[in-house]
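The file input-v8.txt comes next; it holds compact mmCIF, N, CA and C atoms.
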```
# COMPACT_ATOMS: atom_id res chain seq x y z
N MET A 110 0.85 -1.18 0.00
CA MET A 110 0.00 0.00 0.00
C MET A 110 0.89 1.24 0.00
N THR A 111 0.63 2.15 -0.90
CA THR A 111 1.36 3.41 -0.92
C THR A 111 0.78 4.36 0.12
N ILE A 112 1.47 5.45 0.37
CA ILE A 112 0.95 6.43 1.31
C ILE A 112 -0.35 7.01 0.78
N LYS A 113 -0.41 7.31 -0.52
CA LYS A 113 -1.63 7.85 -1.12
C LYS A 113 -2.79 6.85 -0.97
N GLU A 114 -2.51 5.58 -1.21
CA GLU A 114 -3.54 4.55 -1.03
C GLU A 114 -3.99 4.48 0.43
N ALA A 115 -3.05 4.64 1.35
CA ALA A 115 -3.40 4.64 2.77
C ALA A 115 -4.30 5.82 3.10
N GLN A 116 -3.98 6.98 2.55
CA GLN A 116 -4.81 8.15 2.81
C GLN A 116 -6.23 7.93 2.26
N LEU A 117 -6.32 7.33 1.08
CA LEU A 117 -7.64 7.05 0.50
C LEU A 117 -8.39 5.99 1.31
N ALA A 118 -7.70 4.95 1.76
CA ALA A 118 -8.33 3.88 2.54
C ALA A 118 -8.87 4.41 3.87
N VAL A 119 -8.09 5.24 4.55
CA VAL A 119 -8.55 5.81 5.81
C VAL A 119 -9.75 6.72 5.56
N ASP A 120 -9.70 7.52 4.52
CA ASP A 120 -10.81 8.41 4.20
C ASP A 120 -12.08 7.60 3.91
N GLU A 121 -11.94 6.53 3.14
CA GLU A 121 -13.09 5.68 2.83
C GLU A 121 -13.65 5.04 4.10
N TRP A 122 -12.76 4.59 4.99
CA TRP A 122 -13.22 3.99 6.25
C TRP A 122 -14.00 5.01 7.07
N ILE A 123 -13.46 6.22 7.18
CA ILE A 123 -14.13 7.27 7.95
C ILE A 123 -15.52 7.52 7.38
N LYS A 124 -15.60 7.64 6.06
CA LYS A 124 -16.89 7.92 5.42
C LYS A 124 -17.87 6.75 5.55
N THR A 125 -17.36 5.53 5.59
CA THR A 125 -18.22 4.35 5.66
C THR A 125 -18.61 3.99 7.08
N TYR A 126 -17.66 4.02 7.99
CA TYR A 126 -17.89 3.54 9.36
C TYR A 126 -17.76 4.60 10.44
N GLY A 127 -17.02 5.63 10.17
CA GLY A 127 -16.70 6.59 11.23
C GLY A 127 -17.63 7.78 11.32
N VAL A 128 -18.60 7.88 10.48
CA VAL A 128 -19.56 8.98 10.40
C VAL A 128 -18.89 10.24 9.87
N ARG A 129 -17.87 10.71 10.57
CA ARG A 129 -17.11 11.90 10.15
C ARG A 129 -15.77 11.90 10.88
N TYR A 130 -14.86 12.74 10.42
CA TYR A 130 -13.60 12.92 11.14
C TYR A 130 -13.88 13.65 12.45
N PHE A 131 -13.15 13.28 13.50
CA PHE A 131 -13.12 14.13 14.69
C PHE A 131 -12.48 15.44 14.28
N ASN A 132 -12.74 16.51 15.01
CA ASN A 132 -12.11 17.78 14.61
C ASN A 132 -10.60 17.69 14.81
N GLU A 133 -9.91 18.63 14.21
CA GLU A 133 -8.44 18.60 14.19
C GLU A 133 -7.83 18.60 15.58
N LEU A 134 -8.38 19.38 16.49
CA LEU A 134 -7.82 19.42 17.85
C LEU A 134 -8.05 18.10 18.58
N THR A 135 -9.21 17.50 18.38
CA THR A 135 -9.46 16.19 18.98
C THR A 135 -8.48 15.17 18.43
N ASN A 136 -8.29 15.17 17.11
CA ASN A 136 -7.34 14.22 16.52
C ASN A 136 -5.91 14.48 16.98
N MET A 137 -5.56 15.74 17.22
CA MET A 137 -4.22 16.03 17.74
C MET A 137 -4.07 15.45 19.14
N ALA A 138 -5.11 15.56 19.95
CA ALA A 138 -5.07 14.96 21.29
C ALA A 138 -4.99 13.44 21.19
N ILE A 139 -5.73 12.85 20.27
CA ILE A 139 -5.69 11.40 20.09
C ILE A 139 -4.31 10.97 19.61
N LEU A 140 -3.70 11.75 18.70
CA LEU A 140 -2.35 11.43 18.23
C LEU A 140 -1.37 11.43 19.40
N THR A 141 -1.48 12.42 20.26
CA THR A 141 -0.61 12.49 21.44
C THR A 141 -0.81 11.27 22.33
N GLU A 142 -2.05 10.87 22.52
CA GLU A 142 -2.36 9.68 23.31
C GLU A 142 -1.74 8.43 22.68
N GLU A 143 -1.89 8.30 21.36
CA GLU A 143 -1.34 7.12 20.68
C GLU A 143 0.19 7.09 20.73
N VAL A 144 0.83 8.24 20.62
CA VAL A 144 2.29 8.30 20.74
C VAL A 144 2.70 7.88 22.15
N GLY A 145 1.92 8.27 23.14
CA GLY A 145 2.19 7.84 24.52
C GLY A 145 2.09 6.34 24.68
N GLU A 146 1.10 5.73 24.03
CA GLU A 146 0.96 4.28 24.09
C GLU A 146 2.14 3.59 23.39
N LEU A 147 2.58 4.16 22.29
CA LEU A 147 3.77 3.64 21.61
C LEU A 147 5.00 3.77 22.51
N ALA A 148 5.13 4.90 23.16
CA ALA A 148 6.27 5.12 24.07
C ALA A 148 6.26 4.11 25.21
N ARG A 149 5.07 3.78 25.73
CA ARG A 149 4.97 2.79 26.81
C ARG A 149 5.51 1.44 26.36
N VAL A 150 5.10 1.00 25.17
CA VAL A 150 5.58 -0.30 24.68
C VAL A 150 7.09 -0.25 24.43
N MET A 151 7.58 0.84 23.87
CA MET A 151 9.02 0.97 23.63
C MET A 151 9.80 0.92 24.94
N ALA A 152 9.29 1.61 25.96
CA ALA A 152 9.97 1.62 27.26
C ALA A 152 10.04 0.23 27.87
N ARG A 153 9.00 -0.55 27.63
CA ARG A 153 8.98 -1.90 28.19
C ARG A 153 9.78 -2.88 27.36
N ARG A 154 9.75 -2.73 26.06
CA ARG A 154 10.48 -3.66 25.19
C ARG A 154 11.98 -3.36 25.17
N TYR A 155 12.34 -2.08 25.08
CA TYR A 155 13.75 -1.71 24.89
C TYR A 155 14.36 -0.99 26.09
N GLY A 156 13.53 -0.50 26.99
CA GLY A 156 14.03 0.23 28.15
C GLY A 156 14.09 -0.66 29.38
N GLU A 157 14.15 -0.03 30.53
CA GLU A 157 14.29 -0.76 31.78
C GLU A 157 12.97 -1.23 32.37
N GLN A 158 11.84 -0.75 31.85
CA GLN A 158 10.57 -1.17 32.41
C GLN A 158 10.18 -2.55 31.90
N SER A 159 9.35 -3.22 32.69
CA SER A 159 8.82 -4.52 32.27
C SER A 159 7.32 -4.38 32.03
N PHE A 160 6.77 -5.31 31.27
CA PHE A 160 5.34 -5.29 30.99
C PHE A 160 4.58 -5.63 32.27
N LYS A 161 3.51 -4.90 32.50
CA LYS A 161 2.62 -5.19 33.62
C LYS A 161 1.71 -6.34 33.21
N LYS A 162 1.17 -7.00 34.21
CA LYS A 162 0.23 -8.09 33.95
C LYS A 162 -0.93 -7.55 33.10
N GLY A 163 -1.20 -8.24 32.00
CA GLY A 163 -2.28 -7.84 31.11
C GLY A 163 -1.86 -6.95 29.96
N GLU A 164 -0.67 -6.34 30.04
CA GLU A 164 -0.17 -5.53 28.93
C GLU A 164 0.40 -6.44 27.85
N THR A 165 0.30 -5.99 26.62
CA THR A 165 0.83 -6.79 25.52
C THR A 165 1.94 -6.04 24.80
N ASP A 166 2.83 -6.81 24.21
CA ASP A 166 3.93 -6.26 23.41
C ASP A 166 3.40 -6.09 21.98
N ASN A 167 2.63 -5.02 21.79
CA ASN A 167 1.95 -4.80 20.52
C ASN A 167 2.55 -3.60 19.78
N LEU A 168 3.85 -3.62 19.60
CA LEU A 168 4.58 -2.50 19.03
C LEU A 168 4.03 -2.10 17.66
N GLY A 169 3.84 -3.07 16.78
CA GLY A 169 3.35 -2.76 15.44
C GLY A 169 1.96 -2.14 15.47
N GLU A 170 1.11 -2.66 16.32
CA GLU A 170 -0.25 -2.12 16.45
C GLU A 170 -0.22 -0.66 16.89
N GLU A 171 0.65 -0.36 17.86
CA GLU A 171 0.74 1.02 18.34
C GLU A 171 1.30 1.94 17.26
N MET A 172 2.27 1.47 16.49
CA MET A 172 2.79 2.28 15.39
C MET A 172 1.70 2.54 14.35
N ALA A 173 0.92 1.51 14.05
CA ALA A 173 -0.17 1.67 13.09
C ALA A 173 -1.22 2.65 13.60
N ASP A 174 -1.50 2.64 14.90
CA ASP A 174 -2.46 3.58 15.47
C ASP A 174 -1.97 5.02 15.31
N VAL A 175 -0.67 5.24 15.53
CA VAL A 175 -0.10 6.58 15.33
C VAL A 175 -0.25 6.99 13.87
N LEU A 176 0.08 6.08 12.97
CA LEU A 176 -0.02 6.37 11.53
C LEU A 176 -1.46 6.68 11.14
N TRP A 177 -2.40 5.91 11.66
CA TRP A 177 -3.83 6.12 11.35
C TRP A 177 -4.25 7.56 11.67
N VAL A 178 -3.95 8.00 12.89
CA VAL A 178 -4.40 9.33 13.30
C VAL A 178 -3.64 10.41 12.53
N LEU A 179 -2.37 10.19 12.24
CA LEU A 179 -1.61 11.14 11.44
C LEU A 179 -2.23 11.26 10.05
N ILE A 180 -2.62 10.13 9.47
CA ILE A 180 -3.28 10.16 8.17
C ILE A 180 -4.62 10.90 8.26
N CYS A 181 -5.37 10.68 9.33
CA CYS A 181 -6.62 11.43 9.51
C CYS A 181 -6.35 12.93 9.50
N LEU A 182 -5.36 13.36 10.25
CA LEU A 182 -5.02 14.79 10.29
C LEU A 182 -4.61 15.30 8.92
N ALA A 183 -3.83 14.52 8.19
CA ALA A 183 -3.41 14.93 6.85
C ALA A 183 -4.63 15.06 5.94
N ASN A 184 -5.51 14.08 5.98
CA ASN A 184 -6.69 14.11 5.13
C ASN A 184 -7.56 15.33 5.41
N GLN A 185 -7.80 15.60 6.67
CA GLN A 185 -8.72 16.67 6.98
C GLN A 185 -8.11 18.05 6.83
N THR A 186 -6.80 18.14 6.71
CA THR A 186 -6.14 19.44 6.50
C THR A 186 -5.62 19.59 5.08
N GLY A 187 -5.91 18.60 4.23
CA GLY A 187 -5.54 18.70 2.82
C GLY A 187 -4.07 18.48 2.52
N ILE A 188 -3.41 17.72 3.35
CA ILE A 188 -1.97 17.46 3.17
C ILE A 188 -1.77 16.18 2.38
N ASP A 189 -0.98 16.25 1.33
CA ASP A 189 -0.57 15.07 0.57
C ASP A 189 0.71 14.56 1.23
N LEU A 190 0.59 13.49 2.01
CA LEU A 190 1.74 12.99 2.77
C LEU A 190 2.85 12.48 1.87
N THR A 191 2.52 11.94 0.71
CA THR A 191 3.57 11.49 -0.22
C THR A 191 4.43 12.68 -0.62
N GLU A 192 3.77 13.73 -1.06
CA GLU A 192 4.49 14.94 -1.49
C GLU A 192 5.32 15.51 -0.34
N GLN A 193 4.74 15.59 0.83
CA GLN A 193 5.45 16.19 1.97
C GLN A 193 6.62 15.33 2.43
N LEU A 194 6.47 14.00 2.37
CA LEU A 194 7.58 13.12 2.74
C LEU A 194 8.72 13.26 1.74
N GLU A 195 8.39 13.33 0.47
CA GLU A 195 9.42 13.53 -0.55
C GLU A 195 10.16 14.84 -0.33
N LEU A 196 9.43 15.91 -0.02
CA LEU A 196 10.07 17.20 0.27
C LEU A 196 10.94 17.12 1.52
N SER A 197 10.48 16.39 2.52
CA SER A 197 11.25 16.25 3.76
C SER A 197 12.55 15.49 3.52
N ILE A 198 12.48 14.43 2.73
CA ILE A 198 13.70 13.67 2.40
C ILE A 198 14.69 14.55 1.66
N LYS A 199 14.19 15.33 0.69
CA LYS A 199 15.05 16.24 -0.07
C LYS A 199 15.71 17.26 0.85
N LYS A 200 14.91 17.86 1.74
CA LYS A 200 15.43 18.86 2.68
C LYS A 200 16.50 18.26 3.57
N LYS A 201 16.23 17.10 4.14
CA LYS A 201 17.20 16.46 5.03
C LYS A 201 18.47 16.07 4.28
N THR A 202 18.32 15.61 3.05
CA THR A 202 19.48 15.22 2.26
C THR A 202 20.37 16.44 1.99
N GLU A 203 19.76 17.53 1.58
CA GLU A 203 20.53 18.74 1.30
C GLU A 203 21.18 19.30 2.56
N ARG A 204 20.45 19.30 3.65
CA ARG A 204 20.94 19.88 4.90
C ARG A 204 21.94 18.99 5.63
N ASP A 205 21.69 17.69 5.60
CA ASP A 205 22.45 16.78 6.46
C ASP A 205 23.31 15.76 5.72
N LYS A 206 23.56 15.97 4.42
CA LYS A 206 24.26 14.94 3.65
C LYS A 206 25.62 14.58 4.24
N ASN A 207 26.28 15.51 4.90
CA ASN A 207 27.58 15.21 5.51
C ASN A 207 27.56 15.27 7.03
N ARG A 208 26.52 15.84 7.58
CA ARG A 208 26.46 16.08 9.02
C ARG A 208 26.65 14.81 9.83
N HIS A 209 25.94 13.77 9.52
CA HIS A 209 26.03 12.54 10.31
C HIS A 209 27.32 11.77 10.04
N LYS A 210 27.77 11.83 8.80
CA LYS A 210 29.04 11.17 8.47
C LYS A 210 30.21 11.80 9.22
N GLU A 211 30.10 13.10 9.49
CA GLU A 211 31.17 13.82 10.17
C GLU A 211 30.98 13.86 11.69
N ASN A 212 29.93 13.27 12.18
CA ASN A 212 29.65 13.28 13.62
C ASN A 212 30.44 12.16 14.29
N GLU A 213 31.44 12.53 15.04
CA GLU A 213 32.31 11.56 15.73
C GLU A 213 31.52 10.69 16.69
N LYS A 214 30.43 11.19 17.23
CA LYS A 214 29.62 10.43 18.18
C LYS A 214 28.99 9.19 17.53
N LEU A 215 28.87 9.20 16.21
CA LEU A 215 28.24 8.09 15.50
C LEU A 215 29.24 7.04 15.03
N HIS A 216 30.50 7.30 15.23
CA HIS A 216 31.53 6.34 14.75
C HIS A 216 32.12 5.54 15.88
```

In structure tokens, write the structure found in this file.
Amino acid sequence: MTIKEAQLAVDEWIKTYGVRYFNELTNMAILTEEVGELARVMARRYGEQSFKKGETDNLGEEMADVLWVLICLANQTGIDLTEQLELSIKKKTERDKNRHKENEKLH
């Protein structure tokens, strides 16, 4: 699935099952919540915390939830994520093409 296809699939799901998009501020709050859930799993899987009884190691699911809400925000604000990601890669390449290679901390 391409990013554009994902944006279309989420939009179709919202129109079919979701009634309407939550407003942008609500979705921003939901995105923050989902990032927190992703952080919890990361802290338990890769950090010093352990999973509590009943918690699951659902890293992929949490990442997908973050992506879902981000796509909702892009759709409702008219952002083409494919175009913006391509621009971001170009910007980072131009700005940082030597920065990381020259960073002694990474060697």

Cut-off 12 Å around (-11.4, 20.4, 12.5) with only C-alpha atoms: residues as a ChimeraX atom specification: /A:129-137,181-187

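Distance check against Val119 of chain A using only C-alpha atoms: of A:Lys162, A:Ala152, A:Glu171, A:Leu176, the minimum falls on A:Leu176.
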
Distance query Lys161 of chain A at most 12 Å, only C-alpha atoms, self and fewer than 4 positions along chain excluded, as number ranges by chain: A: 149-150, 152-154, 165-166

Could you work out an axis-aligned box for segment 114-127 of chain A, taking every atom the file lists and adding 3 Å on each side, and report centre and edge lengths in Å to one decimal, as JSON?
```
{"center_x": -10.6, "center_y": 6.0, "center_z": 5.1, "size_x": 22.1, "size_y": 10.9, "size_z": 18.5}
```

Return the single residue from A:Glu203, A:Ile180, A:Gln158, A:Glu211 that is closest to Ile123 of chain A, with distances computed using only C-alpha atoms. A:Ile180

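Put simply, atom CA of Lys124 of chain A is 24.1 Å away from atom CA of Gln193 of chain A.
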
Would you mind completing segment 110-122 of chain A so that it carries N, CA, C and O atoms, and writing it out as a PDB file, in the frame of the given file?
```pdb
ATOM      1  N   MET A 110       0.850  -1.180   0.000  1.00  0.00           N
ATOM      2  CA  MET A 110       0.000   0.000   0.000  1.00  0.00           C
ATOM      3  C   MET A 110       0.890   1.240   0.000  1.00  0.00           C
ATOM      4  O   MET A 110       1.796   1.349   0.823  1.00  0.00           O
ATOM      5  N   THR A 111       0.630   2.150  -0.900  1.00  0.00           N
ATOM      6  CA  THR A 111       1.360   3.410  -0.920  1.00  0.00           C
ATOM      7  C   THR A 111       0.780   4.360   0.120  1.00  0.00           C
ATOM      8  O   THR A 111      -0.314   4.110   0.661  1.00  0.00           O
ATOM      9  N   ILE A 112       1.470   5.450   0.370  1.00  0.00           N
ATOM     10  CA  ILE A 112       0.950   6.430   1.310  1.00  0.00           C
ATOM     11  C   ILE A 112      -0.350   7.010   0.780  1.00  0.00           C
ATOM     12  O   ILE A 112      -1.319   7.174   1.527  1.00  0.00           O
ATOM     13  N   LYS A 113      -0.410   7.310  -0.520  1.00  0.00           N
ATOM     14  CA  LYS A 113      -1.630   7.850  -1.120  1.00  0.00           C
ATOM     15  C   LYS A 113      -2.790   6.850  -0.970  1.00  0.00           C
ATOM     16  O   LYS A 113      -3.902   7.233  -0.612  1.00  0.00           O
ATOM     17  N   GLU A 114      -2.510   5.580  -1.210  1.00  0.00           N
ATOM     18  CA  GLU A 114      -3.540   4.550  -1.030  1.00  0.00           C
ATOM     19  C   GLU A 114      -3.990   4.480   0.430  1.00  0.00           C
ATOM     20  O   GLU A 114      -5.173   4.275   0.706  1.00  0.00           O
ATOM     21  N   ALA A 115      -3.050   4.640   1.350  1.00  0.00           N
ATOM     22  CA  ALA A 115      -3.400   4.640   2.770  1.00  0.00           C
ATOM     23  C   ALA A 115      -4.300   5.820   3.100  1.00  0.00           C
ATOM     24  O   ALA A 115      -5.288   5.679   3.822  1.00  0.00           O
ATOM     25  N   GLN A 116      -3.980   6.980   2.550  1.00  0.00           N
ATOM     26  CA  GLN A 116      -4.810   8.150   2.810  1.00  0.00           C
ATOM     27  C   GLN A 116      -6.230   7.930   2.260  1.00  0.00           C
ATOM     28  O   GLN A 116      -7.212   8.275   2.914  1.00  0.00           O
ATOM     29  N   LEU A 117      -6.320   7.330   1.080  1.00  0.00           N
ATOM     30  CA  LEU A 117      -7.640   7.050   0.500  1.00  0.00           C
ATOM     31  C   LEU A 117      -8.390   5.990   1.310  1.00  0.00           C
ATOM     32  O   LEU A 117      -9.598   6.119   1.529  1.00  0.00           O
ATOM     33  N   ALA A 118      -7.700   4.950   1.760  1.00  0.00           N
ATOM     34  CA  ALA A 118      -8.330   3.880   2.540  1.00  0.00           C
ATOM     35  C   ALA A 118      -8.870   4.410   3.870  1.00  0.00           C
ATOM     36  O   ALA A 118      -9.980   4.054   4.281  1.00  0.00           O
ATOM     37  N   VAL A 119      -8.090   5.240   4.550  1.00  0.00           N
ATOM     38  CA  VAL A 119      -8.550   5.810   5.810  1.00  0.00           C
ATOM     39  C   VAL A 119      -9.750   6.720   5.560  1.00  0.00           C
ATOM     40  O   VAL A 119     -10.744   6.658   6.289  1.00  0.00           O
ATOM     41  N   ASP A 120      -9.700   7.520   4.520  1.00  0.00           N
ATOM     42  CA  ASP A 120     -10.810   8.410   4.200  1.00  0.00           C
ATOM     43  C   ASP A 120     -12.080   7.600   3.910  1.00  0.00           C
ATOM     44  O   ASP A 120     -13.169   7.945   4.401  1.00  0.00           O
ATOM     45  N   GLU A 121     -11.940   6.530   3.140  1.00  0.00           N
ATOM     46  CA  GLU A 121     -13.090   5.680   2.830  1.00  0.00           C
ATOM     47  C   GLU A 121     -13.650   5.040   4.100  1.00  0.00           C
ATOM     48  O   GLU A 121     -14.857   4.946   4.284  1.00  0.00           O
ATOM     49  N   TRP A 122     -12.760   4.590   4.990  1.00  0.00           N
ATOM     50  CA  TRP A 122     -13.220   3.990   6.250  1.00  0.00           C
ATOM     51  C   TRP A 122     -14.000   5.010   7.070  1.00  0.00           C
ATOM     52  O   TRP A 122     -15.062   4.699   7.605  1.00  0.00           O
TER      53      TRP A 122
END
```
